[in-house]
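Coordinates as given in final.tsv (TSV, C-alpha atoms):
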```tsv
chain	number	residue	atom	x	y	z
A	1	MET	CA	0.00	0.00	0.00
A	2	GLN	CA	1.23	3.45	-0.88
A	3	GLN	CA	2.10	5.90	1.87
A	4	LEU	CA	1.29	9.60	1.91
A	5	SER	CA	4.14	12.04	2.46
A	6	ASP	CA	4.51	13.21	6.05
A	7	ALA	CA	3.41	16.72	5.06
A	8	ALA	CA	0.28	15.48	3.27
A	9	HIS	CA	-0.54	13.16	6.16
A	10	ARG	CA	-0.24	16.02	8.67
A	11	ARG	CA	-2.47	18.32	6.60
A	12	ILE	CA	-5.09	15.61	6.03
A	13	THR	CA	-5.07	14.69	9.71
A	14	ALA	CA	-5.47	18.35	10.71
A	15	PHE	CA	-8.45	18.87	8.39
A	16	CYS	CA	-10.05	15.65	9.67
A	17	ALA	CA	-9.50	16.68	13.30
A	18	ASP	CA	-11.18	20.00	12.54
A	19	GLY	CA	-14.04	18.10	10.87
A	20	ASP	CA	-14.40	15.81	13.87
A	21	ALA	CA	-14.53	18.80	16.24
A	22	LEU	CA	-17.18	20.49	14.10
A	23	MET	CA	-19.16	17.25	13.96
A	24	ASP	CA	-19.04	17.05	17.78
A	25	GLU	CA	-20.51	20.58	17.83
A	26	ASP	CA	-23.28	19.45	15.42
A	27	ASP	CA	-21.93	21.69	12.67
A	28	LEU	CA	-22.29	18.99	10.05
A	29	GLU	CA	-21.95	21.31	7.05
A	30	GLY	CA	-18.76	22.76	8.51
A	31	ALA	CA	-17.46	19.26	9.18
A	32	ILE	CA	-18.18	18.21	5.60
A	33	ALA	CA	-16.26	21.21	4.31
A	34	ARG	CA	-13.19	20.20	6.35
A	35	TYR	CA	-13.46	16.55	5.30
A	36	GLU	CA	-13.71	17.61	1.66
A	37	GLU	CA	-10.58	19.74	2.09
A	38	ALA	CA	-8.82	16.65	3.45
A	39	LEU	CA	-10.12	14.51	0.60
A	40	ALA	CA	-8.83	17.02	-1.96
A	41	LEU	CA	-5.30	16.31	-0.67
A	42	VAL	CA	-5.59	12.57	-1.28
A	43	PRO	CA	-3.97	11.63	-4.60
A	44	GLU	CA	-5.91	10.03	-7.44
A	45	PRO	CA	-7.27	7.45	-7.56
A	46	LYS	CA	-8.53	8.32	-4.10
A	47	THR	CA	-9.92	4.84	-3.42
A	48	ASP	CA	-6.33	3.50	-3.47
A	49	TRP	CA	-5.50	5.35	-0.26
A	50	GLU	CA	-6.38	4.31	3.28
A	51	ALA	CA	-7.01	7.93	4.26
A	52	ALA	CA	-9.86	8.06	1.76
A	53	THR	CA	-11.68	5.27	3.59
A	54	TRP	CA	-12.14	7.31	6.74
A	55	ILE	CA	-12.73	10.60	4.97
A	56	TYR	CA	-15.44	9.14	2.73
A	57	ALA	CA	-16.98	7.42	5.77
A	58	ALA	CA	-17.04	10.70	7.71
A	59	ILE	CA	-18.60	12.57	4.79
A	60	GLY	CA	-21.16	9.80	4.35
A	61	ASP	CA	-22.01	9.85	8.04
A	62	CYS	CA	-22.52	13.63	8.04
A	63	ARG	CA	-24.61	13.52	4.86
A	64	PHE	CA	-26.71	10.70	6.32
A	65	GLN	CA	-27.34	12.72	9.48
A	66	LEU	CA	-28.39	15.68	7.31
A	67	GLY	CA	-30.87	13.49	5.43
A	68	ALA	CA	-28.96	13.69	2.13
A	69	PHE	CA	-29.26	9.95	1.65
A	70	ALA	CA	-28.21	9.68	-2.01
A	71	VAL	CA	-25.07	11.73	-1.41
A	72	ALA	CA	-24.38	9.73	1.75
A	73	ARG	CA	-24.78	6.48	-0.20
A	74	ASP	CA	-22.33	7.64	-2.84
A	75	ALA	CA	-19.68	8.65	-0.29
A	76	LEU	CA	-20.13	5.41	1.64
A	77	GLN	CA	-19.82	3.35	-1.53
A	78	HIS	CA	-16.46	5.07	-2.12
A	79	ALA	CA	-15.50	4.21	1.48
A	80	VAL	CA	-16.34	0.54	0.89
A	81	ALA	CA	-14.21	0.59	-2.28
A	82	SER	CA	-11.24	2.07	-0.40
A	83	PRO	CA	-8.67	0.07	1.63
A	84	ASP	CA	-10.21	-1.77	4.60
A	85	GLY	CA	-13.63	-0.31	3.84
A	86	LEU	CA	-15.18	-3.61	2.81
A	87	GLY	CA	-16.07	-5.40	6.01
A	88	ASN	CA	-16.05	-2.29	8.21
A	89	PRO	CA	-19.26	-2.64	10.27
A	90	PHE	CA	-19.87	1.10	10.70
A	91	ILE	CA	-19.51	1.82	6.99
A	92	HIS	CA	-21.88	-1.04	6.14
A	93	LEU	CA	-24.35	0.18	8.78
A	94	ARG	CA	-24.51	3.71	7.40
A	95	LEU	CA	-24.60	2.47	3.80
A	96	GLY	CA	-27.45	0.09	4.69
A	97	GLN	CA	-29.35	2.87	6.41
A	98	ALA	CA	-28.92	5.18	3.42
A	99	GLN	CA	-30.11	2.44	1.07
A	100	PHE	CA	-33.10	1.83	3.36
A	101	GLU	CA	-34.05	5.50	3.29
A	102	LEU	CA	-33.75	5.52	-0.51
A	103	GLY	CA	-36.10	2.52	-0.76
A	104	ASN	CA	-33.38	0.14	-1.96
A	105	LEU	CA	-34.43	-2.54	0.49
A	106	GLU	CA	-32.52	-5.47	-1.03
A	107	LYS	CA	-29.26	-3.50	-0.96
A	108	SER	CA	-30.12	-2.21	2.50
A	109	ALA	CA	-30.63	-5.74	3.81
A	110	ASP	CA	-27.26	-6.83	2.41
A	111	GLU	CA	-25.40	-3.91	3.99
A	112	LEU	CA	-27.19	-4.10	7.35
A	113	ALA	CA	-26.51	-7.85	7.49
A	114	ARG	CA	-22.82	-7.14	6.91
A	115	ALA	CA	-22.87	-4.64	9.79
A	116	TYR	CA	-24.62	-7.16	12.02
A	117	MET	CA	-22.21	-9.97	11.11
A	118	GLY	CA	-19.21	-7.72	11.71
A	119	ALA	CA	-20.22	-6.14	14.99
A	120	GLY	CA	-23.24	-7.99	16.36
A	121	PRO	CA	-26.59	-6.51	17.36
A	122	GLU	CA	-24.89	-3.86	19.50
A	123	ILE	CA	-24.12	-1.81	16.40
A	124	PHE	CA	-27.83	-1.01	16.20
A	125	ASP	CA	-28.15	0.05	19.87
A	126	GLU	CA	-27.97	3.80	19.29
A	127	GLU	CA	-29.72	3.80	15.93
A	128	ASP	CA	-33.38	4.21	15.06
A	129	PRO	CA	-35.00	0.84	15.92
A	130	LYS	CA	-36.53	0.61	12.45
A	131	TYR	CA	-33.21	-0.60	11.03
A	132	TRP	CA	-32.88	-3.41	13.58
A	133	ASP	CA	-36.53	-4.35	13.10
A	134	PHE	CA	-36.00	-4.45	9.32
A	135	ILE	CA	-32.85	-6.57	9.36
A	136	GLN	CA	-34.43	-9.06	11.76
A	137	THR	CA	-37.06	-9.79	9.11
A	138	LYS	CA	-34.29	-10.60	6.62
A	139	LEU	CA	-32.01	-12.79	8.72
A	140	THR	CA	-32.70	-16.51	8.82
A	141	PRO	CA	-31.59	-18.30	12.00
A	142	PRO	CA	-29.36	-21.34	11.48
A	143	ALA	CA	-31.13	-24.71	11.18
```
Write-out of the structure in structure tokens:
Amino acid sequence: MQQLSDAAHRRITAFCADGDALMDEDDLEGAIARYEEALALVPEPKTDWEAATWIYAAIGDCRFQLGAFAVARDALQHAVASPDGLGNPFIHLRLGQAQFELGNLEKSADELARAYMGAGPEIFDEEDPKYWDFIQTKLTPPA
């Protein structure tokens, strides 16, 4: 895997830290702006870089919380396509929730099942119960 230069890594980390702080203050638009500044520093193709995984996931999370489900889905799909994104329970959870909200229930079930298999039912504890209720209708217990 390629490594970012120390200078690029420091700048990306600083923008992401600013984004995280703004997210903690519920300034989701401000957070997105910082994450997008960080993402702009990631070389092309962005999905080849580990930093992109977390930046896309953060953007997707913010967009989901703002109700911009299609944009959230797109960012989260980029996160899944980036290093260590596939199999990350949080990314699959948010992607499944975005798909659910967009009415893509088959895709939602697949993503929410991946989140469940990766982290167990606890991953749904602080989420709207409708997602847990939905995935329970799709999971078949072992024989």
- Message: Can you tell me which residues surround Glu50 in chain A at a distance of at most 9 Å, considering only C-alpha atoms, apart from same-chain residues fewer than 2 positions away, and format the answer as number ranges by chain?
- Response: A: 1-3, 46-48, 52-54, 82-85
- Who sits within 12 Å of Ala98 in chain A, only C-alpha atoms, same chain under 5 positions skipped, as a ChimeraX atom specification: /A:60-77,91-93,103-105,107-109,111-112,131
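Of the residues under consideration (A:Glu101, A:Lys130, A:Ala38, A:Ile135), A:Ile135 shows the shortest atom-to-atom contact distance to Tyr116 in chain A when counting all atoms listed in the file.
Nearest residue to Ala51 in chain A among A:Lys138, A:Arg114, A:Arg94, A:Arg10 is A:Arg10, counting only C-alpha atoms.
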- Which value, in Å to one decimal, gives the distance between CA of Val42 in chain A and CA of Met23 in chain A? 20.9 Å
Complete the atom set of range 54-65 of chain A to all heavy atoms and return it as an mmCIF file, in the coordinates of the input.
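The result, stored in selection22.cif:
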```cif
data_model
loop_
_atom_site.group_PDB
_atom_site.id
_atom_site.type_symbol
_atom_site.label_atom_id
_atom_site.label_comp_id
_atom_site.auth_asym_id
_atom_site.auth_seq_id
_atom_site.Cartn_x
_atom_site.Cartn_y
_atom_site.Cartn_z
ATOM 1 N N TRP A 54 -11.578 6.619 5.578
ATOM 2 C CA TRP A 54 -12.140 7.310 6.740
ATOM 3 C C TRP A 54 -12.751 8.648 6.363
ATOM 4 O O TRP A 54 -13.753 9.063 6.958
ATOM 5 C CB TRP A 54 -11.077 7.445 7.827
ATOM 6 C CG TRP A 54 -10.643 6.073 8.230
ATOM 7 C CD1 TRP A 54 -9.460 5.464 7.949
ATOM 8 C CD2 TRP A 54 -11.444 5.101 8.901
ATOM 9 N NE1 TRP A 54 -9.474 4.170 8.433
ATOM 10 C CE2 TRP A 54 -10.677 3.925 9.019
ATOM 11 C CE3 TRP A 54 -12.736 5.103 9.419
ATOM 12 C CZ2 TRP A 54 -11.158 2.765 9.635
ATOM 13 C CZ3 TRP A 54 -13.219 3.957 10.030
ATOM 14 C CH2 TRP A 54 -12.431 2.810 10.132
ATOM 15 N N ILE A 55 -12.163 9.310 5.389
ATOM 16 C CA ILE A 55 -12.730 10.600 4.970
ATOM 17 C C ILE A 55 -14.080 10.386 4.301
ATOM 18 O O ILE A 55 -15.061 11.066 4.630
ATOM 19 C CB ILE A 55 -11.748 11.350 4.045
ATOM 20 C CG1 ILE A 55 -10.439 11.652 4.779
ATOM 21 C CG2 ILE A 55 -12.398 12.632 3.543
ATOM 22 C CD1 ILE A 55 -9.309 12.123 3.864
ATOM 23 N N TYR A 56 -14.157 9.434 3.374
ATOM 24 C CA TYR A 56 -15.440 9.140 2.730
ATOM 25 C C TYR A 56 -16.478 8.683 3.765
ATOM 26 O O TYR A 56 -17.644 9.059 3.686
ATOM 27 C CB TYR A 56 -15.288 8.066 1.658
ATOM 28 C CG TYR A 56 -14.752 8.541 0.334
ATOM 29 C CD1 TYR A 56 -13.639 7.928 -0.239
ATOM 30 C CD2 TYR A 56 -15.365 9.575 -0.373
ATOM 31 C CE1 TYR A 56 -13.149 8.335 -1.477
ATOM 32 C CE2 TYR A 56 -14.879 9.985 -1.609
ATOM 33 C CZ TYR A 56 -13.776 9.364 -2.149
ATOM 34 O OH TYR A 56 -13.300 9.772 -3.381
ATOM 35 N N ALA A 57 -16.048 7.880 4.734
ATOM 36 C CA ALA A 57 -16.980 7.420 5.770
ATOM 37 C C ALA A 57 -17.508 8.596 6.596
ATOM 38 O O ALA A 57 -18.704 8.662 6.906
ATOM 39 C CB ALA A 57 -16.312 6.388 6.674
ATOM 40 N N ALA A 58 -16.629 9.529 6.925
ATOM 41 C CA ALA A 58 -17.040 10.700 7.710
ATOM 42 C C ALA A 58 -18.004 11.578 6.912
ATOM 43 O O ALA A 58 -19.026 12.043 7.444
ATOM 44 C CB ALA A 58 -15.817 11.506 8.146
ATOM 45 N N ILE A 59 -17.701 11.783 5.639
ATOM 46 C CA ILE A 59 -18.600 12.570 4.790
ATOM 47 C C ILE A 59 -19.948 11.869 4.678
ATOM 48 O O ILE A 59 -21.002 12.497 4.806
ATOM 49 C CB ILE A 59 -17.978 12.807 3.398
ATOM 50 C CG1 ILE A 59 -16.766 13.740 3.509
ATOM 51 C CG2 ILE A 59 -19.009 13.363 2.422
ATOM 52 C CD1 ILE A 59 -15.918 13.828 2.238
ATOM 53 N N GLY A 60 -19.924 10.566 4.452
ATOM 54 C CA GLY A 60 -21.160 9.800 4.350
ATOM 55 C C GLY A 60 -21.986 9.869 5.624
ATOM 56 O O GLY A 60 -23.214 10.000 5.584
ATOM 57 N N ASP A 61 -21.316 9.773 6.764
ATOM 58 C CA ASP A 61 -22.010 9.850 8.040
ATOM 59 C C ASP A 61 -22.673 11.215 8.211
ATOM 60 O O ASP A 61 -23.855 11.308 8.571
ATOM 61 C CB ASP A 61 -21.011 9.593 9.177
ATOM 62 C CG ASP A 61 -21.663 9.537 10.542
ATOM 63 O OD1 ASP A 61 -22.857 9.182 10.651
ATOM 64 O OD2 ASP A 61 -20.958 9.833 11.540
ATOM 65 N N CYS A 62 -21.943 12.288 7.927
ATOM 66 C CA CYS A 62 -22.520 13.630 8.040
ATOM 67 C C CYS A 62 -23.709 13.794 7.085
ATOM 68 O O CYS A 62 -24.765 14.311 7.479
ATOM 69 C CB CYS A 62 -21.481 14.696 7.728
ATOM 70 S SG CYS A 62 -20.204 14.907 8.976
ATOM 71 N N ARG A 63 -23.523 13.388 5.841
ATOM 72 C CA ARG A 63 -24.610 13.520 4.860
ATOM 73 C C ARG A 63 -25.826 12.701 5.277
ATOM 74 O O ARG A 63 -26.962 13.163 5.122
ATOM 75 C CB ARG A 63 -24.134 13.084 3.469
ATOM 76 C CG ARG A 63 -23.093 13.990 2.857
ATOM 77 C CD ARG A 63 -23.683 15.329 2.499
ATOM 78 N NE ARG A 63 -22.694 16.129 1.771
ATOM 79 C CZ ARG A 63 -22.783 17.411 1.608
ATOM 80 N NH1 ARG A 63 -23.799 18.077 2.115
ATOM 81 N NH2 ARG A 63 -21.862 18.076 0.947
ATOM 82 N N PHE A 64 -25.598 11.514 5.832
ATOM 83 C CA PHE A 64 -26.710 10.700 6.320
ATOM 84 C C PHE A 64 -27.462 11.459 7.427
ATOM 85 O O PHE A 64 -28.691 11.542 7.408
ATOM 86 C CB PHE A 64 -26.218 9.352 6.846
ATOM 87 C CG PHE A 64 -27.318 8.525 7.439
ATOM 88 C CD1 PHE A 64 -28.159 7.786 6.619
ATOM 89 C CD2 PHE A 64 -27.533 8.512 8.803
ATOM 90 C CE1 PHE A 64 -29.213 7.040 7.171
ATOM 91 C CE2 PHE A 64 -28.567 7.771 9.349
ATOM 92 C CZ PHE A 64 -29.414 7.044 8.538
ATOM 93 N N GLN A 65 -26.715 11.998 8.376
ATOM 94 C CA GLN A 65 -27.340 12.720 9.480
ATOM 95 C C GLN A 65 -28.108 13.949 9.004
ATOM 96 O O GLN A 65 -29.077 14.368 9.652
ATOM 97 C CB GLN A 65 -26.298 13.102 10.523
ATOM 98 C CG GLN A 65 -25.764 11.899 11.272
ATOM 99 C CD GLN A 65 -24.783 12.298 12.339
ATOM 100 O OE1 GLN A 65 -25.065 13.182 13.141
ATOM 101 N NE2 GLN A 65 -23.629 11.656 12.351
#
```
